[in-house]
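These notes are about the structure you will find just below.
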Amino acid sequence: MSTLSDRLQTLSAADEFFELFKIDVDPHVVHVNRLHILKRFHDYLKRSPVQADLSEADEFAAYRERLVQAYLDFTVSDAVTEKVFKVFRQAQGQGFVGLDQIERIERPAT
């Protein structure tokens, strides 16, 4: 494992990732979407892993590129639209209950 990979394992807050990679961000975007951005970053890394044989500078650039893309996704969109987390994907289309699905309950006369 590289030094950068070791360093990434110690980070937990989105702000720490942006500081490490020296990425200027809009604090409001990060505040509202921090978990979504980190999840998207993870998804990008899973989809396109950083090669192990890269130089330190190229490795840094590859990680940085994926984090920038994850951040940019939420500067032009929002968490509901991006559906990063399973709960947003599952909720799609399930927020409506038709009247035909509601049963009438007879109440006894008082």
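By order of appearance in the structure tokens: chains A, B, ..., then residues from 1 within every chain, and ligands from 1 in the order shown.
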Residues within 10 Å of Gln69 (chain A), please, as a PDB file with N, CA and C atoms, in the first residue's frame. Count only C-alpha atoms; anything in the same chain fewer than 5 positions from it doesn't count.
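What follows is the written file part.pdb:
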ATOM      1  N   ILE A  37     -20.897  13.138  -1.483  1.00  0.00           N
ATOM      2  CA  ILE A  37     -19.662  13.352  -2.238  1.00  0.00           C
ATOM      3  C   ILE A  37     -18.665  12.241  -1.925  1.00  0.00           C
ATOM      4  N   ARG A  40     -19.809   9.022  -3.539  1.00  0.00           N
ATOM      5  CA  ARG A  40     -19.586   9.066  -4.984  1.00  0.00           C
ATOM      6  C   ARG A  40     -18.099   8.889  -5.291  1.00  0.00           C
ATOM      7  N   PHE A  41     -17.222   9.518  -4.494  1.00  0.00           N
ATOM      8  CA  PHE A  41     -15.771   9.354  -4.631  1.00  0.00           C
ATOM      9  C   PHE A  41     -15.418   7.880  -4.506  1.00  0.00           C
ATOM     10  N   TYR A  44     -16.511   6.033  -7.618  1.00  0.00           N
ATOM     11  CA  TYR A  44     -15.604   6.277  -8.738  1.00  0.00           C
ATOM     12  C   TYR A  44     -14.323   5.453  -8.586  1.00  0.00           C
ATOM     13  N   ARG A  64      -7.172  12.682  -6.918  1.00  0.00           N
ATOM     14  CA  ARG A  64      -7.696  14.046  -6.936  1.00  0.00           C
ATOM     15  C   ARG A  64      -8.756  14.202  -8.027  1.00  0.00           C
ATOM     16  N   PHE A  74     -22.176  17.324  -7.517  1.00  0.00           N
ATOM     17  CA  PHE A  74     -23.131  17.946  -6.600  1.00  0.00           C
ATOM     18  C   PHE A  74     -23.147  19.466  -6.677  1.00  0.00           C
ATOM     19  N   THR A  75     -22.326  20.034  -7.532  1.00  0.00           N
ATOM     20  CA  THR A  75     -22.419  21.482  -7.773  1.00  0.00           C
ATOM     21  C   THR A  75     -23.469  21.762  -8.839  1.00  0.00           C
TER      22      THR A  75
END
Exercise for review: For region 12-15 of chain A, list every protein, DNA or RNA residue within 9 Å, evaluated using only C-alpha atoms, and leave out those in the same chain fewer than 5 positions away; present the list as JSON, numbers by chain.
Suggested key: {"A": [20, 30, 34, 35, 37, 38]}
Save out the residues we just selected, N, CA and C atoms, as an mmCIF file, in the first residue's frame.
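For reference, part_28.cif as written:
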data_model
loop_
_atom_site.group_PDB
_atom_site.id
_atom_site.type_symbol
_atom_site.label_atom_id
_atom_site.label_comp_id
_atom_site.auth_asym_id
_atom_site.auth_seq_id
_atom_site.Cartn_x
_atom_site.Cartn_y
_atom_site.Cartn_z
ATOM 1 N N LEU A 20 -6.397 17.702 1.800
ATOM 2 C CA LEU A 20 -5.283 16.882 1.342
ATOM 3 C C LEU A 20 -5.023 17.090 -0.151
ATOM 4 N N VAL A 30 -20.474 21.440 0.122
ATOM 5 C CA VAL A 30 -19.899 20.379 0.958
ATOM 6 C C VAL A 30 -20.755 20.144 2.193
ATOM 7 N N ARG A 34 -21.864 16.401 1.923
ATOM 8 C CA ARG A 34 -20.581 15.783 2.268
ATOM 9 C C ARG A 34 -20.580 14.256 2.184
ATOM 10 N N LEU A 35 -21.571 13.603 2.739
ATOM 11 C CA LEU A 35 -21.601 12.140 2.689
ATOM 12 C C LEU A 35 -21.828 11.623 1.269
ATOM 13 N N ILE A 37 -20.897 13.138 -1.483
ATOM 14 C CA ILE A 37 -19.662 13.352 -2.238
ATOM 15 C C ILE A 37 -18.665 12.241 -1.925
ATOM 16 N N LEU A 38 -18.500 11.911 -0.652
ATOM 17 C CA LEU A 38 -17.546 10.855 -0.283
ATOM 18 C C LEU A 38 -17.992 9.494 -0.823
#
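If you measure from each of A:Thr3, A:Ala52, A:Tyr71, A:Glu59 to His31 (chain A) using only C-alpha atoms, the closest one turns out to be A:Tyr71.
Across A:Pro49, A:Asp43, A:Val32, A:Tyr63, the tightest approach to Leu8 (chain A) is made by A:Tyr63 when counting only C-alpha atoms.
Comparing A:Ala109, A:Leu4, A:Leu72, A:Val25 by their smallest distance to Glu56 (chain A), the closest is A:Leu4 (using only C-alpha atoms).
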Review point. Can you tell me, as a PyMOL selection string, what residues are no more than 9 Å from Ile23 (chain A) when counting only C-alpha atoms, ignoring any on the same chain fewer than 6 positions away?
Key: chain A and resi 17+64+67-68
Exercise for review: Tell me, as a VMD selection string, which residues lie within 12 Å of Gln51 (chain A), counting only C-alpha atoms; anything in the same chain fewer than 5 positions away does not count.
Suggested key: chain A and resid 1 to 2 5 45 to 46 56 58 to 63
Generate the output file for the selected residues, N, CA and C atoms, as a PDB file, in the first residue's frame.
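Full text of result.pdb as output:
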ATOM      1  N   MET A   1       0.853  -1.174   0.000  1.00  0.00           N
ATOM      2  CA  MET A   1       0.000   0.000   0.000  1.00  0.00           C
ATOM      3  C   MET A   1       0.900   1.239   0.000  1.00  0.00           C
ATOM      4  N   SER A   2       0.526   2.225  -0.783  1.00  0.00           N
ATOM      5  CA  SER A   2       1.348   3.431  -0.897  1.00  0.00           C
ATOM      6  C   SER A   2       1.167   4.340   0.309  1.00  0.00           C
ATOM      7  N   SER A   5      -2.190   6.035  -0.027  1.00  0.00           N
ATOM      8  CA  SER A   5      -3.281   5.126   0.355  1.00  0.00           C
ATOM      9  C   SER A   5      -3.377   5.000   1.868  1.00  0.00           C
ATOM     10  N   LEU A  45     -13.817   5.353  -7.371  1.00  0.00           N
ATOM     11  CA  LEU A  45     -12.605   4.556  -7.135  1.00  0.00           C
ATOM     12  C   LEU A  45     -12.872   3.067  -7.365  1.00  0.00           C
ATOM     13  N   LYS A  46     -14.049   2.622  -6.985  1.00  0.00           N
ATOM     14  CA  LYS A  46     -14.409   1.217  -7.181  1.00  0.00           C
ATOM     15  C   LYS A  46     -14.576   0.912  -8.673  1.00  0.00           C
ATOM     16  N   GLU A  56       4.145   8.585  -7.449  1.00  0.00           N
ATOM     17  CA  GLU A  56       3.425   9.254  -6.368  1.00  0.00           C
ATOM     18  C   GLU A  56       2.611  10.438  -6.893  1.00  0.00           C
ATOM     19  N   ASP A  58       1.446  10.890 -10.001  1.00  0.00           N
ATOM     20  CA  ASP A  58       0.345  10.411 -10.833  1.00  0.00           C
ATOM     21  C   ASP A  58      -0.764   9.792  -9.981  1.00  0.00           C
ATOM     22  N   GLU A  59      -0.371   9.112  -8.926  1.00  0.00           N
ATOM     23  CA  GLU A  59      -1.353   8.525  -8.013  1.00  0.00           C
ATOM     24  C   GLU A  59      -2.171   9.640  -7.350  1.00  0.00           C
ATOM     25  N   PHE A  60      -1.480  10.675  -6.882  1.00  0.00           N
ATOM     26  CA  PHE A  60      -2.141  11.823  -6.270  1.00  0.00           C
ATOM     27  C   PHE A  60      -3.125  12.446  -7.262  1.00  0.00           C
ATOM     28  N   ALA A  61      -2.688  12.630  -8.488  1.00  0.00           N
ATOM     29  CA  ALA A  61      -3.528  13.237  -9.521  1.00  0.00           C
ATOM     30  C   ALA A  61      -4.759  12.381  -9.822  1.00  0.00           C
ATOM     31  N   ALA A  62      -4.587  11.057  -9.833  1.00  0.00           N
ATOM     32  CA  ALA A  62      -5.704  10.155 -10.123  1.00  0.00           C
ATOM     33  C   ALA A  62      -6.761  10.217  -9.026  1.00  0.00           C
ATOM     34  N   TYR A  63      -6.334  10.170  -7.779  1.00  0.00           N
ATOM     35  CA  TYR A  63      -7.281  10.290  -6.669  1.00  0.00           C
ATOM     36  C   TYR A  63      -7.958  11.653  -6.690  1.00  0.00           C
TER      37      TYR A  63
END
